[in-house]
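Source file: entry_36.txt; contents: compact mmCIF, C-alpha atoms.
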# COMPACT_ATOMS: atom_id res chain seq x y z
CA MET A 107 -12.92 42.66 -82.56
CA PRO A 108 -9.28 41.52 -82.12
CA VAL A 109 -6.67 43.68 -83.86
CA ILE A 110 -3.23 42.31 -84.77
CA ALA A 111 -0.53 44.80 -85.76
CA VAL A 112 2.68 43.64 -87.44
CA VAL A 113 5.34 46.08 -86.25
CA ASN A 114 9.06 46.41 -86.93
CA ARG A 115 11.06 49.58 -87.45
CA LYS A 116 13.50 47.95 -89.86
CA GLY A 117 12.39 47.69 -93.46
CA GLY A 118 12.52 44.39 -95.32
CA SER A 119 11.80 42.27 -92.26
CA GLY A 120 8.81 40.49 -93.84
CA LYS A 121 5.95 42.48 -92.29
CA SER A 122 3.74 42.41 -95.41
CA THR A 123 4.33 38.68 -95.93
CA LEU A 124 3.39 37.91 -92.34
CA ALA A 125 0.32 40.18 -92.39
CA ALA A 126 -1.03 38.68 -95.65
CA HIS A 127 -0.66 35.13 -94.38
CA LEU A 128 -2.35 35.95 -91.07
CA ALA A 129 -5.30 37.52 -92.91
CA ALA A 130 -5.62 34.49 -95.21
CA TRP A 131 -5.51 32.10 -92.26
CA CYS A 132 -8.31 34.02 -90.49
CA ALA A 133 -10.35 33.97 -93.69
CA HIS A 134 -9.95 30.17 -93.97
CA GLN A 135 -11.18 29.87 -90.37
CA GLY A 136 -14.45 31.50 -91.44
CA SER A 137 -13.77 34.92 -89.89
CA ALA A 138 -14.68 38.21 -91.55
CA VAL A 139 -11.17 39.65 -91.67
CA MET A 140 -9.80 42.97 -92.92
CA LEU A 141 -6.21 43.51 -94.05
CA GLY A 142 -5.33 47.15 -93.49
CA ASP A 143 -2.16 48.68 -94.89
CA VAL A 144 -0.92 51.66 -92.88
CA ASP A 145 2.22 51.96 -95.03
CA ARG A 146 2.33 54.56 -97.81
CA GLN A 147 3.55 51.94 -100.29
CA GLN A 148 0.20 50.06 -99.97
CA SER A 149 1.85 46.72 -100.72
CA THR A 150 -0.91 44.57 -99.27
CA ARG A 151 -3.61 46.62 -101.01
CA SER A 152 -2.07 45.84 -104.40
CA TRP A 153 -1.81 42.21 -103.34
CA LEU A 154 -5.53 42.15 -102.56
CA ARG A 155 -6.32 43.28 -106.12
CA LYS A 156 -4.56 40.16 -107.45
CA ARG A 157 -6.52 37.82 -105.18
CA ASN A 158 -8.97 35.49 -106.90
CA GLU A 159 -12.64 35.86 -105.98
CA ALA A 160 -12.91 32.09 -105.53
CA LEU A 161 -10.58 32.25 -102.52
CA PRO A 162 -11.81 33.22 -99.04
CA ALA A 163 -12.53 36.95 -99.05
CA ILE A 164 -10.26 39.45 -97.33
CA ALA A 165 -11.67 42.97 -97.04
CA PRO A 166 -9.57 46.15 -97.48
CA TRP A 167 -10.09 49.53 -95.85
CA THR A 168 -13.31 51.42 -96.50
CA VAL A 169 -12.67 55.01 -97.65
CA ASP A 170 -15.29 57.37 -96.20
CA GLN A 171 -14.67 61.06 -97.00
CA ASN A 172 -10.91 60.48 -97.31
CA ILE A 173 -10.90 58.61 -93.97
CA LEU A 174 -9.95 54.93 -93.72
CA ARG A 175 -12.54 52.95 -91.77
CA VAL A 176 -13.13 49.31 -90.89
CA PRO A 177 -16.00 47.89 -92.98
CA ALA A 178 -19.19 46.81 -91.26
CA GLY A 179 -19.35 43.19 -90.12
CA ILE A 180 -15.59 42.70 -89.70
CA THR A 181 -14.58 40.44 -86.79
CA HIS A 182 -10.76 40.42 -87.11
CA VAL A 183 -8.33 43.15 -88.24
CA ILE A 184 -4.74 42.66 -89.42
CA LEU A 185 -2.63 45.82 -89.79
CA ASP A 186 0.56 46.06 -91.83
CA THR A 187 2.60 48.97 -90.46
CA PRO A 188 5.43 50.96 -92.12
CA GLY A 189 9.09 50.86 -91.16
CA GLY A 190 10.50 53.40 -88.73
CA LEU A 191 7.33 53.50 -86.61
CA HIS A 192 8.12 55.25 -83.32
CA GLY A 193 6.98 57.99 -80.97
CA PHE A 194 3.39 59.18 -81.24
CA ASP A 195 2.61 56.98 -84.27
CA LEU A 196 3.72 53.86 -82.41
CA ALA A 197 1.72 54.83 -79.31
CA ARG A 198 -1.39 55.47 -81.41
CA MET A 199 -1.00 52.04 -83.05
CA VAL A 200 -0.77 50.36 -79.66
CA MET A 201 -3.97 52.11 -78.56
CA PHE A 202 -5.94 50.15 -81.20
CA ALA A 203 -3.98 46.86 -81.23
CA ASP A 204 -4.58 43.84 -79.02
CA ILE A 205 -1.61 41.82 -80.30
CA ILE A 206 1.69 43.06 -81.76
CA LEU A 207 3.74 40.59 -83.76
CA MET A 208 7.34 41.58 -84.41
CA PRO A 209 9.03 39.77 -87.33
CA VAL A 210 12.80 39.71 -86.83
CA CYS A 211 15.51 38.47 -89.19
CA GLY A 212 18.62 36.72 -87.96
CA SER A 213 21.24 39.46 -88.29
CA ALA A 214 22.61 41.45 -85.38
CA PHE A 215 21.33 44.70 -86.92
CA ASP A 216 17.76 43.36 -86.99
CA ARG A 217 17.95 42.21 -83.38
CA GLU A 218 19.30 45.55 -82.21
CA SER A 219 16.56 47.49 -84.01
CA ALA A 220 13.87 45.14 -82.67
CA ALA A 221 15.23 45.46 -79.12
CA ASP A 222 14.92 49.27 -79.27
CA CYS A 223 11.35 48.98 -80.54
CA HIS A 224 10.49 46.47 -77.83
CA ALA A 225 11.90 48.78 -75.14
CA GLU A 226 9.71 51.64 -76.41
CA LEU A 227 6.69 49.36 -76.45
CA LEU A 228 7.21 48.35 -72.83
CA ALA A 229 7.05 52.01 -71.82
CA LEU A 230 3.46 52.27 -73.11
CA PRO A 231 0.67 51.60 -70.57
CA ARG A 232 -1.28 49.06 -72.65
CA VAL A 233 1.79 46.89 -73.20
CA ALA A 234 3.09 47.28 -69.64
CA SER A 235 -0.28 46.23 -68.19
CA GLY A 236 -0.62 43.22 -70.52
CA ARG A 237 -3.69 44.47 -72.38
CA CYS A 238 -1.64 44.50 -75.60
CA LYS A 239 0.52 41.40 -76.01
CA VAL A 240 3.85 41.46 -77.87
CA ALA A 241 5.45 38.38 -79.46
CA CYS A 242 8.38 37.72 -81.81
CA ILE A 243 8.61 35.60 -84.97
CA GLY A 244 11.82 34.74 -86.80
CA MET A 245 11.61 35.52 -90.54
CA ARG A 246 13.72 34.12 -93.37
CA ILE A 247 15.68 31.87 -91.04
CA ASP A 248 17.80 28.94 -92.15
CA THR A 249 16.84 26.15 -89.77
CA ARG A 250 20.11 24.29 -90.48
CA THR A 251 22.06 26.95 -88.59
CA ARG A 252 22.15 28.12 -84.98
CA THR A 253 20.14 31.23 -85.85
CA PRO A 254 16.80 29.91 -84.49
CA GLN A 255 18.39 29.20 -81.10
CA VAL A 256 20.14 32.57 -81.11
CA LEU A 257 16.83 34.35 -81.75
CA LYS A 258 15.08 32.32 -79.07
CA ASP A 259 17.74 33.16 -76.47
CA TRP A 260 17.64 36.82 -77.49
CA ALA A 261 13.84 37.01 -77.12
CA THR A 262 13.95 35.16 -73.79
CA GLY A 263 16.48 37.68 -72.49
CA LEU A 264 14.07 40.51 -73.37
CA GLY A 265 11.12 38.72 -71.75
CA MET A 266 9.28 38.49 -75.10
CA PRO A 267 7.50 35.31 -76.25
CA PHE A 268 9.23 33.65 -79.21
CA LEU A 269 6.61 31.87 -81.34
CA GLY A 270 8.83 30.22 -83.94
CA VAL A 271 10.67 30.75 -87.22
CA LEU A 272 9.67 30.82 -90.89
CA ARG A 273 12.23 29.81 -93.47
CA GLU A 274 13.07 31.66 -96.67
CA SER A 275 11.26 29.74 -99.39
CA GLN A 276 10.28 30.45 -102.98
CA ALA A 277 6.78 29.27 -102.14
CA TYR A 278 6.14 32.59 -100.38
CA VAL A 279 7.35 34.59 -103.38
CA GLN A 280 5.33 32.65 -105.93
CA CYS A 281 2.14 32.74 -103.87
CA LEU A 282 2.28 36.46 -103.18
CA GLU A 283 2.77 37.25 -106.87
CA ARG A 284 -0.59 35.60 -107.62
CA GLY A 285 -2.49 37.10 -104.70
CA MET A 286 -2.32 33.88 -102.69
CA THR A 287 -0.71 32.52 -99.54
CA LEU A 288 0.49 29.11 -98.38
CA PHE A 289 -2.90 28.53 -96.75
CA ASP A 290 -4.56 28.79 -100.19
CA LEU A 291 -2.50 25.85 -101.50
CA PRO A 292 -3.08 22.15 -100.85
CA ALA A 293 -1.44 21.04 -97.63
CA ASP A 294 0.61 18.32 -99.35
CA ARG A 295 2.42 20.87 -101.54
CA VAL A 296 4.01 22.87 -98.72
CA PRO A 297 4.05 20.53 -95.69
CA THR A 298 7.33 21.84 -94.24
CA ASP A 299 6.25 25.46 -94.31
CA LEU A 300 2.83 24.72 -92.85
CA ARG A 301 4.52 22.75 -90.06
CA GLN A 302 6.49 25.88 -89.14
CA TRP A 303 3.23 27.82 -88.82
CA GLN A 304 1.73 25.43 -86.26
CA PRO A 305 3.35 26.91 -83.08
CA ILE A 306 2.54 30.44 -84.28
CA LEU A 307 -1.11 29.67 -84.96
CA GLY A 308 -1.34 27.63 -81.75
CA TRP A 309 -0.40 30.74 -79.78
CA LEU A 310 -2.78 32.99 -81.74
CA GLU A 311 -5.88 30.78 -81.60
CA PRO A 312 -6.74 31.34 -77.91
CA GLN A 313 -5.91 35.05 -78.28
CA LEU A 314 -8.33 35.55 -81.19
CA ALA A 315 -11.12 33.08 -80.41
CA ILE A 316 -14.03 33.89 -78.07
CA SER A 317 -14.39 31.46 -75.20
CA PRO A 318 -17.76 29.68 -75.56
CA ALA A 319 -17.93 29.08 -71.81
CA ALA A 320 -17.57 32.78 -71.11
CA ALA A 321 -20.13 33.65 -73.77
CA GLY A 322 -22.56 31.04 -72.40
CA SER A 323 -22.19 32.24 -68.84
CA ALA A 324 -22.68 35.83 -69.97
CA GLY A 325 -25.85 34.90 -71.87
CA HIS A 326 -27.14 32.89 -68.92
CA ALA A 327 -26.50 35.82 -66.62
CA ALA A 328 -28.36 38.13 -68.99
CA GLN A 329 -31.39 35.81 -69.20
CA ALA A 330 -31.59 35.08 -65.46
CA PRO A 331 -34.07 37.36 -63.69
CA ALA A 332 -32.67 39.62 -61.07
CA THR A 333 -33.40 38.49 -57.54
CA THR A 334 -35.44 40.96 -55.54
CA PRO A 335 -35.21 41.17 -51.76
CA ALA A 336 -38.16 39.93 -49.74
CA PRO A 337 -40.61 42.71 -48.90
CA GLN A 338 -40.42 43.84 -45.32
CA ALA A 339 -43.51 44.04 -43.18
CA ALA A 340 -45.13 47.42 -43.32
CA ARG A 341 -44.82 49.37 -40.13
CA PRO A 342 -47.99 51.00 -38.75
CA PRO A 343 -47.94 54.79 -38.87
CA GLN A 344 -46.90 56.34 -35.62
CA MET A 345 -48.71 59.44 -34.37
CA PRO A 346 -46.53 62.24 -33.03
CA ALA A 347 -46.39 62.57 -29.28
CA ALA A 348 -48.69 65.16 -27.75
CA LEU A 349 -47.02 68.38 -26.78
CA PRO A 350 -47.59 69.92 -23.34
CA SER A 351 -50.03 72.78 -23.15
CA ARG A 352 -47.35 75.27 -22.20
CA LEU A 353 -45.34 74.43 -25.35
CA LEU A 354 -48.41 74.74 -27.52
CA ALA A 355 -49.11 78.16 -26.03
CA ALA A 356 -45.58 79.31 -26.63
CA ARG A 357 -45.68 77.88 -30.17
CA HIS A 358 -48.75 79.84 -31.24
CA ALA A 359 -48.06 83.04 -29.27
CA PRO A 360 -46.88 86.04 -31.32
CA PRO A 361 -43.35 87.29 -30.69
CA PRO A 362 -43.09 90.04 -28.05
CA ALA A 363 -42.59 93.61 -29.21
CA PRO A 364 -39.16 95.11 -28.61
CA SER A 365 -39.01 97.19 -25.44
CA ARG A 366 -38.37 100.94 -25.69
CA PRO A 367 -37.09 103.34 -23.09
CA ALA A 368 -39.63 105.34 -21.15
CA ALA A 369 -38.22 108.65 -22.38
CA ALA A 370 -38.69 107.59 -25.96
CA LEU A 371 -42.26 106.60 -25.28
CA ALA A 372 -42.99 109.92 -23.63
CA THR A 373 -41.64 111.99 -26.54
CA PRO A 374 -44.23 112.55 -29.28
CA ALA A 375 -43.49 111.29 -32.75
CA SER A 376 -43.63 114.76 -34.30
CA ALA A 377 -40.80 115.98 -32.06
CA ARG A 378 -38.44 113.08 -32.83
CA PRO A 379 -35.65 113.88 -35.38
CA ALA A 380 -36.02 112.09 -38.70
CA PRO A 381 -33.28 109.56 -39.51
CA ALA A 382 -30.73 110.74 -42.06
CA PRO A 383 -31.17 109.13 -45.45
CA LEU A 384 -28.56 106.51 -46.30
CA VAL A 385 -28.14 107.71 -49.86
CA ARG A 386 -26.69 111.03 -48.81
CA GLU A 387 -24.01 109.25 -46.75
CA THR A 388 -23.13 106.48 -49.16
CA ALA A 389 -22.86 108.65 -52.27
CA PRO A 390 -19.95 110.84 -51.03
CA VAL A 391 -18.20 107.73 -49.65
CA ALA A 392 -18.42 105.95 -53.02
CA GLN A 393 -17.15 109.01 -54.82
CA ARG A 394 -14.21 109.30 -52.44
CA MET A 395 -13.36 105.62 -52.89
CA LEU A 396 -13.43 105.90 -56.67
CA ALA A 397 -11.37 109.07 -56.59
CA SER A 398 -8.73 107.49 -54.35
CA ARG A 399 -8.41 104.40 -56.56
CA PRO A 400 -5.20 104.71 -58.62
CA LEU A 401 -5.50 104.11 -62.33
CA PRO A 402 -2.78 102.29 -64.24
CA ALA A 403 -0.45 104.36 -66.34
CA VAL A 404 -0.76 104.06 -70.13
CA THR A 405 2.03 104.15 -72.64
CA ARG A 406 0.92 105.76 -75.89
CA ILE A 407 2.77 104.91 -79.09
CA THR A 408 2.89 107.21 -82.11
CA ASN A 409 4.42 106.78 -85.49
CA THR A 410 7.52 108.77 -84.53
CA ARG A 411 8.32 108.32 -80.85
CA VAL A 412 7.03 107.08 -77.49
CA LEU A 413 5.34 109.84 -75.41
CA ASP A 414 5.41 110.21 -71.66
CA ARG A 415 3.60 107.70 -69.45
CA VAL A 416 0.50 109.59 -68.39
CA SER A 417 -2.24 108.78 -65.94
CA SER A 418 -5.86 109.84 -65.87
CA SER A 419 -5.07 112.86 -63.69
CA ASN A 420 -2.59 114.44 -66.14
CA ALA A 421 -3.42 115.53 -69.65
CA LEU A 422 -1.37 114.30 -72.60
CA ARG A 423 1.16 116.94 -73.52
CA ASN A 424 4.23 117.25 -75.67
CA THR A 425 7.63 117.34 -73.99
CA PRO A 426 9.03 120.88 -73.52
CA ALA A 427 12.07 121.87 -75.50
CA ALA A 428 14.17 122.12 -72.32
CA THR A 429 13.85 118.34 -71.66
CA GLN A 430 14.54 117.18 -75.24
CA ALA A 431 18.19 116.51 -74.44
CA THR A 432 17.19 114.31 -71.47
CA GLU A 433 14.70 112.38 -73.61
CA ALA A 434 17.31 111.90 -76.31
CA SER A 435 19.66 110.27 -73.83
CA GLN A 436 16.84 108.08 -72.48
CA ALA A 437 15.84 107.10 -76.01
CA GLN A 438 19.37 105.89 -76.66
CA GLU A 439 19.22 103.68 -73.56
CA ALA A 440 15.67 102.47 -74.29
CA PRO A 441 15.26 99.24 -76.32
CA HIS A 442 14.66 99.47 -80.03
CA ILE A 443 11.00 99.75 -81.05
CA PRO A 444 9.99 97.29 -83.80
CA SER A 445 8.86 98.81 -87.07
CA PHE A 446 5.35 97.37 -86.85
CA LEU A 447 4.81 99.29 -83.57
CA LYS A 448 5.69 102.56 -85.25
CA LEU A 449 2.79 102.10 -87.63
CA VAL A 450 0.30 102.17 -84.75
CA LYS A 451 -1.18 105.59 -84.23
CA CYS A 452 -2.87 106.98 -81.14
Now, as a test, write the supplied structure out as structure tokens.
Amino acid sequence: MPVIAVVNRKGGSGKSTLAAHLAAWCAHQGSAVMLGDVDRQQSTRSWLRKRNEALPAIAPWTVDQNILRVPAGITHVILDTPGGLHGFDLARMVMFADIILMPVCGSAFDRESAADCHAELLALPRVASGRCKVACIGMRIDTRTRTPQVLKDWATGLGMPFLGVLRESQAYVQCLERGMTLFDLPADRVPTDLRQWQPILGWLEPQLAISPAAAGSAGHAAQAPATTPAPQAARPPQMPAALPSRLLAARHAPPPAPSRPAAALATPASARPAPAPLVRETAPVAQRMLASRPLPAVTRITNTRVLDRVSSSNALRNTPAATQATEASQAQEAPHIPSFLKLVKC
């Protein structure tokens, strides 16, 4: 499902006009297209309400539990984005888009804003690797001036494809007011404007269409049975080699008993001293290890003051009266205790 996003940070560059015409062109080609408006103004959504049912259908977003989703059966998606798109929002848009079209007007301010957006797009992995293509279209351009050539040279300097220019015509305004586009009118009524769309659509057609050769080869590969390697001749089972008799005797012989000194054998069992139990030795050792393990000191906080740092070996006690002057001087040097800590009681 190809996704085309119309992106430009500068407002009033003709993003909604370009997105509506691209959706109408896809609908006339027989594609199930959706026109999604990411802008809060929802300009294209209100335009879709004006569209006549006799014209080729263009689907809007499907709202599912306050979440915008693409309707089922859609083959092409056109997204109209808001102005000022940058940062995380721009990166998230590029993650879903396959083609980004950037409409640019002829002024120096528009070119500067579009150049900054293009530089940010090139820093994203999908655009840098070529998985998301970026192209430029001149909007509201007077073809009798040098502006088309200026825009073409500017886009070539940035390394961005320049698809063509669209002039400022009242035909766009009148069509959009009735929920239509130039592609919904007879071709003989707007021949000049449709001629300007030819290089743009010629670049988009191979990007959006599915190659029949690739689809046919994929289907042929799916239908072709997988080749199996020829079965190898079965090898006869080999019997294990016979072991020598001395190895068999050593294999089945029981292990020899451990040798004991002669003095130990001569001493009767009743006279031998019994081994000391291990529990009696390990218990005192464990107790000594636990007793020697130092425990961390604990600072106890009351509602009035901080008491001494005490360990498990010393009992908690109040400070004698003789050391109150020393504690008072230390309290002045100690950092201030927040009020919420004073509410904690031991």
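Near Ala160 (chain A), within a cut-off of 12 Å and counting only C-alpha atoms, sit the residues A:Lys156, A:Arg157, A:Asn158, A:Pro162, A:Ala163, A:Ile164, A:Gly285, A:Met286, A:Asp290, with same-chain residues fewer than 2 positions away left out.
Picture a line from CA of Cys132 (chain A) to CA of Glu283 (chain A); it runs 20.0 Å.
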* To do: Within 8 Å of region 171-187 of chain A, counting all atoms listed in the file, which residues show up once you throw out same-chain ones fewer than 6 positions away? Write them as a ChimeraX atom specification, please.
  => /A:107-114,121-122,125,128-129,132,137-145,150,165
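The coordinates place CA of Leu272 (chain A) at 6.1 Å from CA of Gln302 (chain A).
Pairwise distance (CA of Pro254 (chain A), CA of Ser149 (chain A)) equals 27.7 Å.
The nearest approach to Lys116 (chain A) among the residues A:Trp153, A:Ala197, A:Cys211, A:Trp131, with only C-alpha atoms taken into account, belongs to A:Cys211.
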* Which residues come within 8 Å of Arg246 (chain A), counting only C-alpha atoms, excluding same-chain residues fewer than 4 positions away, as number ranges by chain? -> A: 211-212, 271-275
* Quick one: residues within 12 Å of region 220-225 of chain A, only C-alpha atoms counted, chain neighbours fewer than 3 positions away excluded, as a ChimeraX atom specification? -> /A:113-117,119,189-193,196-197,206-217,228-230,233-234,239-244,257,260-267
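Using all atoms listed in the file, the nearest neighbour of Pro305 (chain A) within the list A:Cys238, A:Leu227, A:Leu269, A:Met199 is A:Leu269.
The shortest atom-to-atom distance to Asp299 (chain A), with only C-alpha atoms taken into account, belongs to A:His127 out of A:His127, A:Ala203, A:Arg151, A:Gly236.
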Residues near Phe289 (chain A), anyone? I mean within 12 Å using all atoms listed in the file, not counting same-chain ones fewer than 6 positions away, as a PDB file with C-alpha atoms, keeping the file's coordinate frame.
ATOM      1  CA  ALA A 126      -1.030  38.680 -95.650  1.00  0.00           C
ATOM      2  CA  HIS A 127      -0.660  35.130 -94.380  1.00  0.00           C
ATOM      3  CA  LEU A 128      -2.350  35.950 -91.070  1.00  0.00           C
ATOM      4  CA  ALA A 129      -5.300  37.520 -92.910  1.00  0.00           C
ATOM      5  CA  ALA A 130      -5.620  34.490 -95.210  1.00  0.00           C
ATOM      6  CA  TRP A 131      -5.510  32.100 -92.260  1.00  0.00           C
ATOM      7  CA  CYS A 132      -8.310  34.020 -90.490  1.00  0.00           C
ATOM      8  CA  ALA A 133     -10.350  33.970 -93.690  1.00  0.00           C
ATOM      9  CA  HIS A 134      -9.950  30.170 -93.970  1.00  0.00           C
ATOM     10  CA  GLN A 135     -11.180  29.870 -90.370  1.00  0.00           C
ATOM     11  CA  LEU A 161     -10.580  32.250-102.520  1.00  0.00           C
ATOM     12  CA  PRO A 162     -11.810  33.220 -99.040  1.00  0.00           C
ATOM     13  CA  ALA A 277       6.780  29.270-102.140  1.00  0.00           C
ATOM     14  CA  TYR A 278       6.140  32.590-100.380  1.00  0.00           C
ATOM     15  CA  CYS A 281       2.140  32.740-103.870  1.00  0.00           C
ATOM     16  CA  LEU A 282       2.280  36.460-103.180  1.00  0.00           C
ATOM     17  CA  ARG A 295       2.420  20.870-101.540  1.00  0.00           C
ATOM     18  CA  VAL A 296       4.010  22.870 -98.720  1.00  0.00           C
ATOM     19  CA  PRO A 297       4.050  20.530 -95.690  1.00  0.00           C
ATOM     20  CA  ASP A 299       6.250  25.460 -94.310  1.00  0.00           C
ATOM     21  CA  LEU A 300       2.830  24.720 -92.850  1.00  0.00           C
ATOM     22  CA  ARG A 301       4.520  22.750 -90.060  1.00  0.00           C
ATOM     23  CA  TRP A 303       3.230  27.820 -88.820  1.00  0.00           C
ATOM     24  CA  GLN A 304       1.730  25.430 -86.260  1.00  0.00           C
ATOM     25  CA  LEU A 307      -1.110  29.670 -84.960  1.00  0.00           C
TER      26      LEU A 307
END
Region 126-145 of chain A, all listed atoms, 5 Å padding on each side: what axis-aligned box centre and edge lengths in Å to one decimal come out, as AutoDock Vina command-line options?
--center_x -6.2 --center_y 40.9 --center_z -92.8 --size_x 26.9 --size_y 32.1 --size_z 15.8
